[in-house]
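*Asks:* Okay, handing you the structure first.
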Amino acid sequence: MTIGIDKIGFATARYQLSMADLASARNTDPNKYSIGLMLDRLSIAPITEDIVTLGAAAAEKILTDEDKATIDMVIVASESSIDQSKAAAVFVHGLLGIQPFARSIEMKEACYSATAGLNYAKLYVSANPQSKVLVIASDIAKYGIKTSGEPTQGAGALAMLVTAQPRIIAFNDDNIAQTRDVMDFWRPNYSVTPFVQGMFSTKQYLDSLKTVWTEYQKRQNLSLEDFAAFCFHIPYPKLANKGLNKLMDKTLDDKVRAQLQEHFDSSIHYSRQVGNIYTGSLYLSFLSLLENAQSLQAGDRIGFFSYGSGAVSEIFSGNLVDGFKNMLGDSQQKELDQRKLISVPEYEMMFFEEADLDQDGNASFIDYDTHTFVLDSIVEHQRRYKRR
Ligand code: CAA
């Protein structure tokens, strides 16, 4: 039995910030962002768009009524949670109208947790072949105004349906993970933005890649020649590009090198315009590859490098399934272009707005544009969502 991703969908916020505008406001050379980080635009989420609305919107794009009647587990992976206790997956389950006899949980380990979610889904389906598991990677990356991480913010969610006999990609049982206890990026409960040791975090990312890749090659007896493409966690595309270069040693055949680079360029196409979406960014790179690469074929092996600060990393692979192109919807480009361009002052006001709760825990919001669902109000400390 093969198990993997049967459907994949993406949703992002309805507002965007141009990196050139941000560079000008921060007295920075725009090339630092466009060439140095390889970023052109960022998605900006208003207060009424959160990991629940984005995650539900991404799932709503791909699920049929039959899927909703069959899904028996909903996993939301996130590091920008909206509640310390109640799982975002429970809200998502309700908004989507998924049948009641389902398990709904939230998972966390920085940008790594969606990979853990996919693993759990794979194990669950291997024991229950009729099951469908909805895995959602949803995050809003906020570093704060004028911080070094500010140009690498973003917002978005990926929804993936994991089933037996998948129609997009079948996972191989070749996962190699690594845990190392480091403080490169973390967010204590009392802080709305993370603490980051920026340069140290990039070193951890690249060194984790190197060590896990070495172990992966040793245990799986595979080399880069066996892969048609490699998808990376993308905090910003330039770091992932450095990651690819780390894998491609001098002995690599020129043709293989050119194909890997071409596919890599396709895989960063959306991230360049969305920014960092933490745990979803690896899977946005996969979707971007699927929708923008010209020469992918059924049977191609795709590698995945997942990295979550703290730090947990993992390399695994899957093979594209016959007919995978038929499972792709419209390109994401149209929606990305339709986002409303906002000025830097508008972004500063919108992105960092906090709920103005009264003494009874009630708050209402401006009617910002959101995707399919909206955080409508807070009533006695309870978040109230609705379909737009
Ligand atoms: N023209 C072209 N390029 C320019 C330039 C110009 N005028 N000015 C600078 N650059 C280049 C620099 O040479 C550099 O490129 P290289 O890395 O190839 O040398 C690049 O632009 C970045 O510039 P700096 O080195 O000056 O770095 P910075 O001050 O912009 O900070 C950062 C970079 C530390 C990564 C910062 O963006 C940050 O803190 N980001 C958040 C943390 C992060 O993303 N870490 C990644 C690993 S952790 C992880 O993966 C988990 C996660 O998602 C958070």
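Ordering of the structure tokens sets the chain letters (A, B, ...), residue numbers begin anew at 1 in every chain, and ligands are numbered from 1 in the order given.
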For A:Ser43, list every protein, DNA or RNA residue within 7 Å, evaluated using only C-alpha atoms, and leave out those in the same chain fewer than 2 positions away; present the list as JSON, numbers by chain.
*Replies:* {"A": [12, 13, 15, 16, 17, 41, 45, 154, 155, 274, 275]}
*Asks:* Keeping only C-alpha atoms, take the residues you just selected and write them out as a PDB file, in the first residue's frame.
*Replies:*
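Printed below is part26.pdb as written:
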ATOM      1  CA  THR A  12      -2.728  33.379   2.203  1.00  0.00           C
ATOM      2  CA  ALA A  13      -3.774  36.775   3.531  1.00  0.00           C
ATOM      3  CA  TYR A  15      -2.939  42.092   1.777  1.00  0.00           C
ATOM      4  CA  GLN A  16       0.629  42.411   0.572  1.00  0.00           C
ATOM      5  CA  LEU A  17       3.638  44.594   1.280  1.00  0.00           C
ATOM      6  CA  ARG A  41       6.629  40.725  -1.452  1.00  0.00           C
ATOM      7  CA  ALA A  45      -2.620  39.290   7.754  1.00  0.00           C
ATOM      8  CA  GLY A 154       4.648  36.362   6.142  1.00  0.00           C
ATOM      9  CA  ALA A 155       1.319  34.567   6.555  1.00  0.00           C
ATOM     10  CA  VAL A 274       4.584  35.373   0.472  1.00  0.00           C
ATOM     11  CA  GLY A 275       7.528  35.448   2.898  1.00  0.00           C
TER      12      GLY A 275
END
*Asks:* For stretch 90-93 of chain A, please output as a ChimeraX atom specification all residues within 7 Å (counting only C-alpha atoms; exclusion window: fewer than 2 positions along the same chain).
*Replies:* /A:52,56,74,87-88,95-98,104
*Asks:* Pull N, CA, C and O atoms from the residues just selected and write them as a compact mmCIF listing (two decimals), in the first residue's frame.
*Replies:*
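Result written to result-v6.txt:
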# COMPACT_ATOMS: atom_id res chain seq x y z
N VAL A 52 -6.43 29.81 12.22
CA VAL A 52 -7.68 29.05 12.01
C VAL A 52 -8.30 29.43 10.67
O VAL A 52 -8.61 28.56 9.84
N ALA A 56 -8.39 26.85 7.58
CA ALA A 56 -9.70 26.40 7.08
C ALA A 56 -9.87 26.80 5.61
O ALA A 56 -10.41 26.04 4.80
N VAL A 74 -7.91 15.50 12.12
CA VAL A 74 -7.51 16.84 11.67
C VAL A 74 -6.32 17.27 12.52
O VAL A 74 -6.41 17.32 13.75
N ALA A 87 -7.19 23.27 20.75
CA ALA A 87 -6.47 23.12 19.48
C ALA A 87 -7.16 23.90 18.36
O ALA A 87 -8.39 23.86 18.24
N ALA A 88 -6.36 24.56 17.55
CA ALA A 88 -6.90 25.25 16.37
C ALA A 88 -7.66 24.27 15.49
O ALA A 88 -8.61 24.64 14.80
N LEU A 95 -15.56 24.72 11.43
CA LEU A 95 -15.79 25.61 10.28
C LEU A 95 -15.98 24.83 8.98
O LEU A 95 -16.76 25.23 8.12
N LEU A 96 -15.28 23.71 8.85
CA LEU A 96 -15.35 22.94 7.60
C LEU A 96 -16.53 21.97 7.59
O LEU A 96 -16.89 21.43 6.54
N GLY A 97 -17.12 21.72 8.76
CA GLY A 97 -18.23 20.76 8.82
C GLY A 97 -17.77 19.33 8.62
O GLY A 97 -18.45 18.54 7.96
N ILE A 98 -16.65 18.98 9.20
CA ILE A 98 -16.15 17.60 9.11
C ILE A 98 -16.95 16.71 10.05
O ILE A 98 -17.36 17.14 11.13
N SER A 104 -9.11 15.68 16.64
CA SER A 104 -8.57 16.99 16.20
C SER A 104 -7.51 17.46 17.18
O SER A 104 -7.80 17.63 18.37
*Asks:* What are the DSSP alpha helix (DSSP H) residues of stretch 69-217 of chain A, as a ChimeraX atom specification?
*Replies:* /A:69-70,88-96,113-127,198-217
*Asks:* Compute the set of protein, DNA and RNA residues whose minimum atom distance to ligand 1 is at most 6 Å, using only C-alpha atoms and all ligand atoms, and state it as a PyMOL selection string.
*Replies:* chain A and resi 29+31-32+35-37+111+148-149+152+198-199+201-202+205+235+278+308-309
*Asks:* I need the chosen residues saved as a PDB file, in the first residue's frame, with N, CA and C atoms.
*Replies:*
ATOM      1  N   ASP A  29      19.126  49.335   1.130  1.00  0.00           N
ATOM      2  CA  ASP A  29      19.218  49.111  -0.310  1.00  0.00           C
ATOM      3  C   ASP A  29      18.213  48.017  -0.698  1.00  0.00           C
ATOM      4  N   ASN A  31      18.146  46.039  -3.016  1.00  0.00           N
ATOM      5  CA  ASN A  31      18.802  44.800  -3.464  1.00  0.00           C
ATOM      6  C   ASN A  31      19.097  43.854  -2.297  1.00  0.00           C
ATOM      7  N   LYS A  32      19.227  44.421  -1.107  1.00  0.00           N
ATOM      8  CA  LYS A  32      19.482  43.542   0.047  1.00  0.00           C
ATOM      9  C   LYS A  32      18.324  42.558   0.213  1.00  0.00           C
ATOM     10  N   ILE A  35      17.848  40.613  -3.695  1.00  0.00           N
ATOM     11  CA  ILE A  35      18.969  39.720  -4.061  1.00  0.00           C
ATOM     12  C   ILE A  35      19.519  39.028  -2.808  1.00  0.00           C
ATOM     13  N   GLY A  36      19.738  39.818  -1.752  1.00  0.00           N
ATOM     14  CA  GLY A  36      20.356  39.264  -0.530  1.00  0.00           C
ATOM     15  C   GLY A  36      19.480  38.241   0.172  1.00  0.00           C
ATOM     16  N   LEU A  37      18.153  38.457   0.205  1.00  0.00           N
ATOM     17  CA  LEU A  37      17.236  37.498   0.840  1.00  0.00           C
ATOM     18  C   LEU A  37      16.388  36.764  -0.198  1.00  0.00           C
ATOM     19  N   CYS A 111       9.127  25.408  13.056  1.00  0.00           N
ATOM     20  CA  CYS A 111       8.746  25.215  11.649  1.00  0.00           C
ATOM     21  C   CYS A 111       8.755  23.748  11.232  1.00  0.00           C
ATOM     22  N   SER A 148      15.749  42.571  12.703  1.00  0.00           N
ATOM     23  CA  SER A 148      16.458  41.987  11.547  1.00  0.00           C
ATOM     24  C   SER A 148      15.565  40.975  10.823  1.00  0.00           C
ATOM     25  N   GLY A 149      14.620  40.382  11.544  1.00  0.00           N
ATOM     26  CA  GLY A 149      13.736  39.402  10.898  1.00  0.00           C
ATOM     27  C   GLY A 149      12.560  40.036  10.165  1.00  0.00           C
ATOM     28  N   THR A 152      11.523  39.146   6.715  1.00  0.00           N
ATOM     29  CA  THR A 152      11.234  37.728   6.449  1.00  0.00           C
ATOM     30  C   THR A 152       9.913  37.284   7.091  1.00  0.00           C
ATOM     31  N   GLY A 198      19.773  35.558  14.872  1.00  0.00           N
ATOM     32  CA  GLY A 198      19.643  35.395  13.428  1.00  0.00           C
ATOM     33  C   GLY A 198      20.760  34.610  12.763  1.00  0.00           C
ATOM     34  N   MET A 199      21.993  35.086  12.922  1.00  0.00           N
ATOM     35  CA  MET A 199      23.117  34.431  12.230  1.00  0.00           C
ATOM     36  C   MET A 199      23.326  33.012  12.760  1.00  0.00           C
ATOM     37  N   SER A 201      21.027  31.123  13.896  1.00  0.00           N
ATOM     38  CA  SER A 201      19.947  30.265  13.381  1.00  0.00           C
ATOM     39  C   SER A 201      20.256  29.792  11.966  1.00  0.00           C
ATOM     40  N   THR A 202      20.864  30.664  11.167  1.00  0.00           N
ATOM     41  CA  THR A 202      21.183  30.240   9.792  1.00  0.00           C
ATOM     42  C   THR A 202      22.272  29.158   9.811  1.00  0.00           C
ATOM     43  N   TYR A 205      20.597  25.896  10.785  1.00  0.00           N
ATOM     44  CA  TYR A 205      19.833  25.378   9.635  1.00  0.00           C
ATOM     45  C   TYR A 205      20.775  24.639   8.689  1.00  0.00           C
ATOM     46  N   PRO A 235      12.848  29.879   5.302  1.00  0.00           N
ATOM     47  CA  PRO A 235      12.654  31.086   6.122  1.00  0.00           C
ATOM     48  C   PRO A 235      12.780  32.325   5.232  1.00  0.00           C
ATOM     49  N   TYR A 278       6.605  29.837   8.191  1.00  0.00           N
ATOM     50  CA  TYR A 278       7.070  28.864   9.186  1.00  0.00           C
ATOM     51  C   TYR A 278       6.828  27.422   8.733  1.00  0.00           C
ATOM     52  N   GLY A 308      12.984  22.957  12.042  1.00  0.00           N
ATOM     53  CA  GLY A 308      12.285  23.779  13.032  1.00  0.00           C
ATOM     54  C   GLY A 308      13.279  24.187  14.096  1.00  0.00           C
ATOM     55  N   SER A 309      13.360  25.471  14.360  1.00  0.00           N
ATOM     56  CA  SER A 309      14.329  25.967  15.340  1.00  0.00           C
ATOM     57  C   SER A 309      14.138  25.295  16.678  1.00  0.00           C
TER      58      SER A 309
END
*Asks:* When you look at stretch 380-382 of chain A with a cut-off of 9 Å (counting only C-alpha atoms), what residues show up, excluding the ones that are within fewer than 2 positions of it in the same chain? I need them as a ChimeraX atom specification.
*Replies:* /A:357,360-363,377-378,384
*Asks:* So that I have them on file, write out the residues from the current selection with N, CA, C and O atoms, as an mmCIF file, in the first residue's frame.
*Replies:*
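The resulting file, out33.cif, is shown below:
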data_model
loop_
_atom_site.group_PDB
_atom_site.id
_atom_site.type_symbol
_atom_site.label_atom_id
_atom_site.label_comp_id
_atom_site.auth_asym_id
_atom_site.auth_seq_id
_atom_site.Cartn_x
_atom_site.Cartn_y
_atom_site.Cartn_z
ATOM 1 N N LEU A 357 -9.792 44.252 24.244
ATOM 2 C CA LEU A 357 -10.818 43.562 25.044
ATOM 3 C C LEU A 357 -11.388 44.476 26.112
ATOM 4 O O LEU A 357 -10.640 45.215 26.768
ATOM 5 N N ASP A 360 -15.107 42.521 30.223
ATOM 6 C CA ASP A 360 -15.760 41.203 30.201
ATOM 7 C C ASP A 360 -15.169 40.277 29.134
ATOM 8 O O ASP A 360 -15.697 39.182 28.898
ATOM 9 N N GLY A 361 -14.115 40.741 28.465
ATOM 10 C CA GLY A 361 -13.480 39.887 27.456
ATOM 11 C C GLY A 361 -14.182 39.913 26.110
ATOM 12 O O GLY A 361 -14.156 38.917 25.377
ATOM 13 N N ASN A 362 -14.768 41.054 25.765
ATOM 14 C CA ASN A 362 -15.417 41.196 24.443
ATOM 15 C C ASN A 362 -14.587 42.131 23.570
ATOM 16 O O ASN A 362 -14.021 43.111 24.073
ATOM 17 N N ALA A 363 -14.551 41.820 22.279
ATOM 18 C CA ALA A 363 -13.880 42.723 21.324
ATOM 19 C C ALA A 363 -14.541 42.593 19.972
ATOM 20 O O ALA A 363 -14.994 41.513 19.584
ATOM 21 N N SER A 377 -15.485 38.174 16.016
ATOM 22 C CA SER A 377 -15.489 38.915 17.286
ATOM 23 C C SER A 377 -14.905 38.028 18.374
ATOM 24 O O SER A 377 -14.651 36.838 18.151
ATOM 25 N N ILE A 378 -14.714 38.615 19.544
ATOM 26 C CA ILE A 378 -14.385 37.820 20.734
ATOM 27 C C ILE A 378 -15.489 38.118 21.749
ATOM 28 O O ILE A 378 -15.796 39.291 22.020
ATOM 29 N N ARG A 384 -14.932 33.948 18.020
ATOM 30 C CA ARG A 384 -16.090 33.585 17.197
ATOM 31 C C ARG A 384 -15.714 33.751 15.722
ATOM 32 O O ARG A 384 -15.355 34.848 15.298
#
*Asks:* For A:Gln204, please output as a list of chain:residue names all residues within 10 Å (counting only C-alpha atoms; exclusion window: fewer than 6 positions along the same chain).
*Replies:*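 So the residues in contact are A:Arg180, A:Val182, A:Met183, A:Asp184, A:Gly198, A:Lys210, A:Tyr307, A:Gly308, A:Ser309, A:Gly310, A:Ala311, A:Ser313.
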*Asks:* Where in stretch 139-379 of chain A does DSSP assign strand (DSSP E or B), given as a PDB file with C-alpha atoms, in the first residue's frame?
*Replies:*
ATOM      1  CA  ASP A 139       1.334  30.246  10.601  1.00  0.00           C
ATOM      2  CA  ILE A 140       1.711  33.992  10.782  1.00  0.00           C
ATOM      3  CA  ALA A 141       5.373  34.981  11.055  1.00  0.00           C
ATOM      4  CA  GLY A 154       4.648  36.362   6.142  1.00  0.00           C
ATOM      5  CA  ALA A 155       1.319  34.567   6.555  1.00  0.00           C
ATOM      6  CA  GLY A 156      -0.258  31.491   5.008  1.00  0.00           C
ATOM      7  CA  ALA A 157      -1.456  27.925   5.315  1.00  0.00           C
ATOM      8  CA  LEU A 158      -1.113  24.672   3.412  1.00  0.00           C
ATOM      9  CA  ALA A 159      -3.719  21.938   3.668  1.00  0.00           C
ATOM     10  CA  MET A 160      -2.791  18.377   2.714  1.00  0.00           C
ATOM     11  CA  LEU A 161      -5.038  15.356   2.558  1.00  0.00           C
ATOM     12  CA  VAL A 162      -3.118  12.195   3.469  1.00  0.00           C
ATOM     13  CA  THR A 163      -4.582   8.931   2.182  1.00  0.00           C
ATOM     14  CA  ALA A 164      -3.710   5.482   0.914  1.00  0.00           C
ATOM     15  CA  ILE A 169       3.037  11.955  -4.073  1.00  0.00           C
ATOM     16  CA  ALA A 170       3.676   8.643  -2.311  1.00  0.00           C
ATOM     17  CA  PHE A 171       5.975   8.844   0.717  1.00  0.00           C
ATOM     18  CA  ILE A 176      15.919  10.547   9.054  1.00  0.00           C
ATOM     19  CA  ALA A 177      15.402  13.088  11.853  1.00  0.00           C
ATOM     20  CA  GLN A 178      17.745  14.937  14.180  1.00  0.00           C
ATOM     21  CA  THR A 179      17.207  16.811  17.450  1.00  0.00           C
ATOM     22  CA  PHE A 185      14.744  31.080  17.690  1.00  0.00           C
ATOM     23  CA  TRP A 186      12.107  30.779  20.418  1.00  0.00           C
ATOM     24  CA  PHE A 195      13.557  36.015  20.198  1.00  0.00           C
ATOM     25  CA  VAL A 196      16.038  35.246  17.441  1.00  0.00           C
ATOM     26  CA  ALA A 229      14.163  18.040  -7.031  1.00  0.00           C
ATOM     27  CA  PHE A 230      14.770  19.008  -3.409  1.00  0.00           C
ATOM     28  CA  CYS A 231      12.305  21.136  -1.442  1.00  0.00           C
ATOM     29  CA  PHE A 232      13.535  23.068   1.589  1.00  0.00           C
ATOM     30  CA  GLY A 275       7.528  35.448   2.898  1.00  0.00           C
ATOM     31  CA  ARG A 301      11.836  11.287  -6.423  1.00  0.00           C
ATOM     32  CA  ILE A 302      11.400  14.578  -4.523  1.00  0.00           C
ATOM     33  CA  GLY A 303      13.518  15.249  -1.428  1.00  0.00           C
ATOM     34  CA  PHE A 304      12.269  17.297   1.533  1.00  0.00           C
ATOM     35  CA  PHE A 305      14.355  19.100   4.169  1.00  0.00           C
ATOM     36  CA  SER A 306      12.322  20.158   7.183  1.00  0.00           C
ATOM     37  CA  TYR A 307      13.854  22.425   9.849  1.00  0.00           C
ATOM     38  CA  GLY A 308      12.285  23.779  13.032  1.00  0.00           C
ATOM     39  CA  VAL A 312      14.460  19.435  14.964  1.00  0.00           C
ATOM     40  CA  SER A 313      15.219  18.631  11.357  1.00  0.00           C
ATOM     41  CA  GLU A 314      14.329  15.806   9.002  1.00  0.00           C
ATOM     42  CA  ILE A 315      15.008  14.611   5.483  1.00  0.00           C
ATOM     43  CA  PHE A 316      12.598  12.329   3.678  1.00  0.00           C
ATOM     44  CA  SER A 317      11.402  11.702   0.152  1.00  0.00           C
ATOM     45  CA  GLY A 318       8.408  10.781  -1.956  1.00  0.00           C
ATOM     46  CA  ASN A 319       7.770   9.770  -5.543  1.00  0.00           C
ATOM     47  CA  LEU A 320       5.367  11.644  -7.810  1.00  0.00           C
ATOM     48  CA  LYS A 340      -4.270  44.493  -1.925  1.00  0.00           C
ATOM     49  CA  LEU A 341      -0.986  46.392  -1.843  1.00  0.00           C
ATOM     50  CA  ALA A 363     -13.880  42.723  21.324  1.00  0.00           C
ATOM     51  CA  SER A 364     -15.072  43.672  17.874  1.00  0.00           C
ATOM     52  CA  PHE A 373     -13.445  32.712   6.896  1.00  0.00           C
ATOM     53  CA  VAL A 374     -13.095  35.547   9.386  1.00  0.00           C
ATOM     54  CA  LEU A 375     -12.508  36.024  13.099  1.00  0.00           C
ATOM     55  CA  ASP A 376     -15.743  37.938  13.608  1.00  0.00           C
ATOM     56  CA  SER A 377     -15.489  38.915  17.286  1.00  0.00           C
ATOM     57  CA  ILE A 378     -14.385  37.820  20.734  1.00  0.00           C
ATOM     58  CA  VAL A 379     -17.245  37.236  23.170  1.00  0.00           C
TER      59      VAL A 379
END
*Asks:* With distances taken over only C-alpha atoms, which residue among A:Lys108, A:Lys68, A:Arg339, A:Arg26 lies nearest A:Ser80?
*Replies:*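 Of A:Lys108, A:Lys68, A:Arg339, A:Arg26, the one nearest A:Ser80 is A:Lys108, counting only C-alpha atoms.
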*Asks:* So, with only C-alpha atoms as the atoms that count, which of A:Lys242, A:Ala59, A:Ala23, A:Leu42 lies closest to A:Thr372?
*Replies:* A:Ala59
*Asks:* Which distance in Å separates atom CA of A:Gly329 and atom CA of A:Ile71, to one decimal?
*Replies:*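 Atom-to-atom, atom CA of A:Gly329 to atom CA of A:Ile71, that is 20.5 Å.
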*Asks:* I'd like to know which of A:Ala69, A:Gln99, A:Ile62, A:Gln153 is closest to A:Tyr347, using only C-alpha atoms.
*Replies:*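 Closest to A:Tyr347, using only C-alpha atoms: A:Gln153.
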